[in-house]
Each structure stands twice: as C-alpha cells, then as structure tokens.
Amino acid sequence: MRATLLALVLGAHLILASADAPAAAATGPVKEEVAPPKISNIIPSAGSAELYNGSGDVSETGDCAGDAKAACKDVIAGEGRLANCLTKRIRAQRQGNVVGRKVVAKCVEALAAFKIDRSKKINKDISLAKACKDDVDKLCKDANDDKAPGSVISCLMDNKPKLTASCSAEVFRTQQEVAEDYRFDYKLFTACKDDVTNLCKDVEQGEELECLAQKRIKISWECQNQMFRNEKETSDDIRLSTRLFKKCLTDQQKFCGDVEPGHMRVQECLEDNIEEAGFSAECKTELEGVIAIRVADFRLDTALREACEIDLKDTCGTTLKEMDEDDNLRKSALNCLQSLQEELKNDKCKAEIHRRLARAARDIRFDEVLATACTDDRNRFCSEVQPGSARVIRCLQDNRNSLDQKCSAALFDHEVKMAEDIDFKFPMKRACAWEISSFCKNVPHGHARIVRCLEDQIENTDMSKECKDEVMKDMNRMAQDYRLNWRLNHACEAEIQKLCPNACSNTPGVTCGGLVLQCLQDKQDNITNAACQDEVFYYELMEVTDFRNDVILAEACRNDVESYCKDIEPGEGRVHQCLRYNKEKLSEQCRNEEMKLAALEYRDIRLRPKLNKLCSEEKAVYCKDVKPGKARVIKCLMENMAQPNFGEECKEELQKREDMMKSDYRYDVGVFTNCETDVDTYCKEAKTKLRGNATVLKCLVDNFKSLAEQCQMEMSRAVRLALWDYKPGAALTTACDTDVEAQCPKGSRSRSGAVFTIGAVGRCLSKTLVEGKRLDNKCRALVLVAAPKDARVYFDHPESTSALIQKIAQVQQAAGLESVLVDTDSSTVTVTGWVALACIISLIVVFIGGAVMLYKRLVGAEKPHTLHVKSGDA
C-alpha cells in the first residue's frame, strides 16, 4: 500500500515538472540576484563613499585568500581588519621577523589596490572615519572628498596637534602606510606618479619619495607642493621618516630608548646626542641633512611652530600663517625670537629657541642667514672643510679680515647671538667638558655664567691646555667689541647709551675695536649701575692678565711685542711686565697705551696681582673692612706703612707704586681725574712729553695758584706724599735734593747711604721753612704746595705771619714761658718737646688756631707718624 502511494506522488511531481519546462525555456536561464553596493556615510560632510568589496576591506577569497588563512585566520574580514593584519605581516616580513610562509606578491598588490582606493575618501576607511567623526565636525567640516578627493584626511593631518587621541592614532596609521608607499596618499600619488615614472622608474617600491627629493629641481610644481605637504605632515615623528628611522634605529635605542616618538621628541633627542662618542656617522649624516631641510623652511619645523605660536604673536607681533606667506617676515620673526629669548613667556618656546641656537653654533648650515651671506667666502676659504662641529664657522673666523663685508657682518651678528651661553660656544664647550663638570658643575647655564666660571679658573693648574686655549681665545675675541661680552653688554646697556653714545659705529659688520670698552674705563667713576661697574672691572682684569684683551694696546704694541717680548707667553701679565721693563725703547704710541693701562691698574689692588699677593696679610690686618676700588685699599695700606709690624715686601711694592705716581700724573687717579681741565689749560705742551719724568706734575706745581680748588687739593696731597716718602733723584722732588743733603741730618736715614725713613724729609723741610732758613725757590714751592691750605696762606702773606708770631710771643710771655714757642730774638717758632706741643694745642683752642695748625701740620712732633692720604686718592 505504501509503495503504491509513493509511486503516485513521484509521478505527480514528474508531471508538474514537465508542465513547467516550456515556461522556463521561454523565459531563459534564472539569474543570481546581486546585492547592492554598501555605502558609507559616517561623516556626512565628507561625502558618502562606496566601500571596497562592499565591506571596506581586501577580499578574503581573492589573491589574498591563502595568506589570510595562514596569517590572519582569526580575523573577521571587513572595515579594514584583514588589510591591517596583512600589513603587519608584510612589515614583519621586511624586517626579517617572519618564519615560514610569506605574503605573496599578488596579495601585496591586491592590498595596495585596496589602500589606493581607500585613500580617496575618508568614509571608505571605516576605522578612521569612526575615530575622527567628531574631529572632522570640529576642525574640517568644510572639507569634502567628493569635491577634492583626499582633502578631509589632509585637513586632519594639518591639525594633528589638536586631534583626539583615538583620531590621532588612526591618522598616524595612515601616515605610516604612506611612508611605506607614497601611492596611499591620493593627492601625492596623483601629483607625482608621472614624475616617478619619468625620473624614478628603476627605484625599489617605497623609495620613490627619496628619489624625487634628490631630483626636486626637475619635478613638477604640483608634485613639489604635495611633497612639501607630506614632509610637513610627517616631520614630527621619526617613524614616518623611513630613511631616518632606518639609519638611526641603533642610535635611537642607545641614546633615546625611553623617549616617546611624536612631536619631534626622538629627532631632538638624537640631535642633542649627535656629538656623543658612539653616535654613528650614518645617523649623523642623515640627521644633519634632515635638519638642514627643516632650517631652510620654517613650515617644516613643527616643534618650534607648536611651542612658539603664542610668543610669536605676543612678543614678535606676527602669526604662523603670515610667516609662511612672507619669507622676509619669517626671518625677522625668527630673529626676534632669538634676540628676545629672555622675554618669551612659554618655557617650551625658550627651550626650542635655545636648541636652535646651539644647533646653529655647531653647523653653519643651521644658521640660514650666515650660510647664505657667506656662501662665496665659504667656497673661497673653507671649501675643504667638512660641515659640523663648528669647523666651517671657525674657518670663517680665522679668515675674518679677508671676508666680504656681507659675510663679515653676518658672522659678527652670529657671534653676538652666541655670546650668551656656553652651549652656543661649541669648540669651548667640547674642549672644556671636563672643566665644566669639575669646576662649574653647580653653575646654571645661561647669561654666560659658565663662560665666566671658566674665565675665573684660567689660572687653575688642573685646567687642560686645550680648554685654556679656547677660553683665552674667547676672551681675546670679546675684547674686540663690547657686544661680544654678553654680561658687560647687558649690564652696561644704559650706561653706554648715556656715557658713550657715539663711541661705536652702527655700520653692520664694523666692530668697535675696544672704543666703547675704553670709554667705559675712562668714565667708570660716572657709572652708577653696580653690575656694570663689576663687569667693567672684570674686563680690566682681563686686560692686565693678557695684553691681547686690550685690542687698542695690542695693536699699538704689535711691533714692540715682536721686537722685545716675542718669546714671552701671554697671560698672567707677563707681556705687560716685559713691555714696561723695556719702556724706554717702546714706540711712543705703545708706551702711552701701556702707561695708560698701568695708571688704570693703580685704581684697584686686585688689578695688581703681585701687590695684592704680597700685601694679603696687611690687607687682612689693617684694611679688612675697606671696599676695593678707587684705590681705597691701596690708600689704606699706605696710611699704615709706618706701622711697626708692616711687612717689608708689601711696603717695598707700595713704594714702587708711589714712585710711578711721582713720575707720571696719570698714575695718580686723584690728580688725573680732578686736574684734567687744568692740564689742558696750563700744561698742554708738557702733556706731549710724558716719559715718566713728572713733566705734567711739575708744570701743575709751577701753575699751582691758578689751578681749580679741587685740583689744588689733589696736587697738595700728591706733593706731600712725594716729600713724605722722599727718594733722592725722584723726578718730582729733584729740586729739593740739594736742600735735603744740606739741611736734613744723616740720622734721618734708615741706614747709612740708604733711603730716608718715611716722613723724615717731610718734617725736615717743613721745619726748615717754618724756621725761615733758605730753601731753593723750586723746593720752597714744592713744600708750600704740600702745605695744607690754611697753613699755606701764612707764607703767601708774610705780614700776617709776622703778626701771628708777635701774638704767639705775647701769649708765651703771659704764660711765663721762655722761648718755648717763639724765639723773640729771631722771630721764629721753636719746639722744645712735649711741653711745647701741649702749649701749641692750648693755643689752638684758645687763641691762634690757624697759626698752631700751621706749625703742627708743617713741623709735627718727633714721634712715629702714620701717613694720611685724602679719601679717594690713587
């Protein structure tokens, strides 16, 4: 029964099938229904896009089927997931990190076709579109891929610092792919594909952009523009610079292993370590090439742009956009940032400017202005010199006198900029690396503090010759123009404007040649700024240490040094000592400059190293609270020379100083400063005969009554000092030699045939004058000049003196004293010991103050004396 029913059913089906057959034949074969393409519109403003393969991914059944199964079996195709997996596999394969099956060439091409298509529109890249939807709405809502393919992703790259973390990560992924194959940047590929075909068809895949960069001058303008855009977008991350990344991978791991990529951090870390031992030459060459390109175009310097955008606007009054559009504005704005580094508000901007100045100090290629200005001179003088390590800059400096004016001006400006920090003085920093770490380890950078620290250590026996040579070379150079001395330039800016406004030419490239420095020295008593006073003194210390630090003197004495001191090593004042030893042989110009410096030294004991050393104990005992400068310490020492415990070596050195003061008015700061007008008025001719023979001082003595009051006071003090510490044959007091021999007893000498005891001759001559004994007219004039003003008047007006003596006699008689003060027979004042002195003091108080002061100050009492010199005297 069941079999019968089954047969009936089968038959029925057959009948129905045969009935339908003609209809099917009439209509043709049945077609498989095709699914409509999948459209992505995640970012509506960007324009909708048709997804590759309908899934936004490489096909898992096509040329990549086998590789997908082998390497990405756990990856579900779609939204670029399979493409990402295969990309990672290919990268590992290129790095040699894949064992076994490798991605086949056909799959590589299929993957490339997918990425080329995806690069046209952001909505084709699902993961990128999802991650950056909000960023596009905020930053790139006007960009549309329908109108300009690739414009949205390009906009995101322009705003990379402002992107959210998730969007930034996806943008970096696309940039990394472009770094591996330029075809994945739609705009770049479209603009440069013909140039690649024509100029770089034989290069390996991934090296096309490097080839085009080498032939940049031959490529089309559109390709150049797109290449620049790509360089700008990728310059902040070493991973996006395939060649740099590859050549510097070992150095990156060695020196910058803990530095996170991005924002140029790795590149700058490598740059900071470029001169370190063990840094590879391959990486150094590549890195310097990259830096040179970046220096040539500010638009590629992303780190500086990010750090200084606000300071550019607030401090230098410009914007990044304006700088990008105007090359002259760019140069002036960058110069503004460098010149006003101290005024920048953003610490990151300060750090970036500092880094770029240090870089420019190391390599001329990184100072655009200097490199451009000195192209011809570099070819003339330094064509064989390799760039880097400041070699070319040093070469130009060595040929300074032969440079073109334009190059010379640029080099000078470069040196002025580099004067502020040891980091900008590359040869010195390298030569003094150990000294800096040893002597200056706690000294902060900036404001030339470490440079000053090294200068302070120049006499340290532990300083290497290499370091000492560099420090001395730098000091010599600073002396050629005050602007090269950063500390003095900044401390004395206002004083220079006030005291020396016309001392220096403003012509670019023309140095002051020491004129401003000399002006500050000549007018240092008028300097009110304490920091400026300190810096001027420090410069003077440099001068007395090394004659080359006084460029005016060095030039005036060039031939004399060659003739008499060529075997003397500069430093520690040795050449100055040699020149002064030979002063009678020197040219007039050299002698004047050397004597001018010697006069300057007498203002401050610290400028006389030997005197300072020999008198160190005396300073500590007698002058410990005296502030150095304006000859205050020397004055204090001279006031105490007669002290019983005063050292003979110090006394002897002080007396040498006195001898110089007696021979040349310029060494006596009080006379030199306060008698300048009188010298020009009465002693102009004598001024031209300065040879250490006291011509000006004697002239001032001859014209004493006509001198200004302040000059009279200084001359009185100077002559009193000369008579007080009298030496036979001294130029100023030679007129008294005969009188001293005749009037002053031999017992007043310290020992037979030796110099007189301090003060002995002064007392002797004063007593001789008061007693009315005859003195040579010129000697008498000297003694009168030495007398205080109130005492001198009695000798200028004899009638007053006689009246005074009569008055003293009357008082003496009333007191019952016989010939204690006045000898009535000879009408002269006499002294008979302490009783007389007491009477004199009483009479000063009661009757005859002026007369007794005359007697006391001219004659004095026979007891130990202390020399007193007017405050401020030299």
# chains A, B, ... in the order shown; residues from 1 in each chain; ligands from 1

call {"tool": "residues_around", "arguments": {"residues": "stretch 529-539 of chain A", "least_positions_apart": "3", "cutoff": "9 Å", "atoms": "only C-alpha atoms", "output": "NGL selection string"}}
result
:A and (479 or 487-495 or 517 or 520-521 or 524-525 or 542-544 or 549 or 604 or 607 or 629)

call {"tool": "select_by_dssp", "arguments": {"residues": "stretch 544-788 of chain A", "states": "alpha helix (DSSP H)", "output": "PyMOL selection string"}}
result
chain A and resi 544-545+551-556+558-564+574-581+588-601+609-614+616-622+632-639+648-663+669-674+676-682+684-687+695-702+709-724+737-743+760-770+777-786

call {"tool": "atom_distance", "arguments": {"atom1": "atom CA of A:Val671", "atom2": "atom CA of A:Ala708"}}
result
11.5 Å

call {"tool": "closest_residue", "arguments": {"among": "A:Thr285, A:Thr673, A:Thr319, A:Gln338", "to": "A:Gly388", "atoms": "only C-alpha atoms"}}
result
A:Thr285

call {"tool": "residues_around", "arguments": {"residues": "A:Glu322", "least_positions_apart": "6", "cutoff": "12 Å", "atoms": "only C-alpha atoms", "output": "list of chain:residue names"}}
result
A:Phe298, A:Arg299, A:Glu309, A:Leu312, A:Lys313, A:Cys316, A:Asn328, A:Leu329, A:Arg330, A:Lys331, A:Ser332, A:Ala333
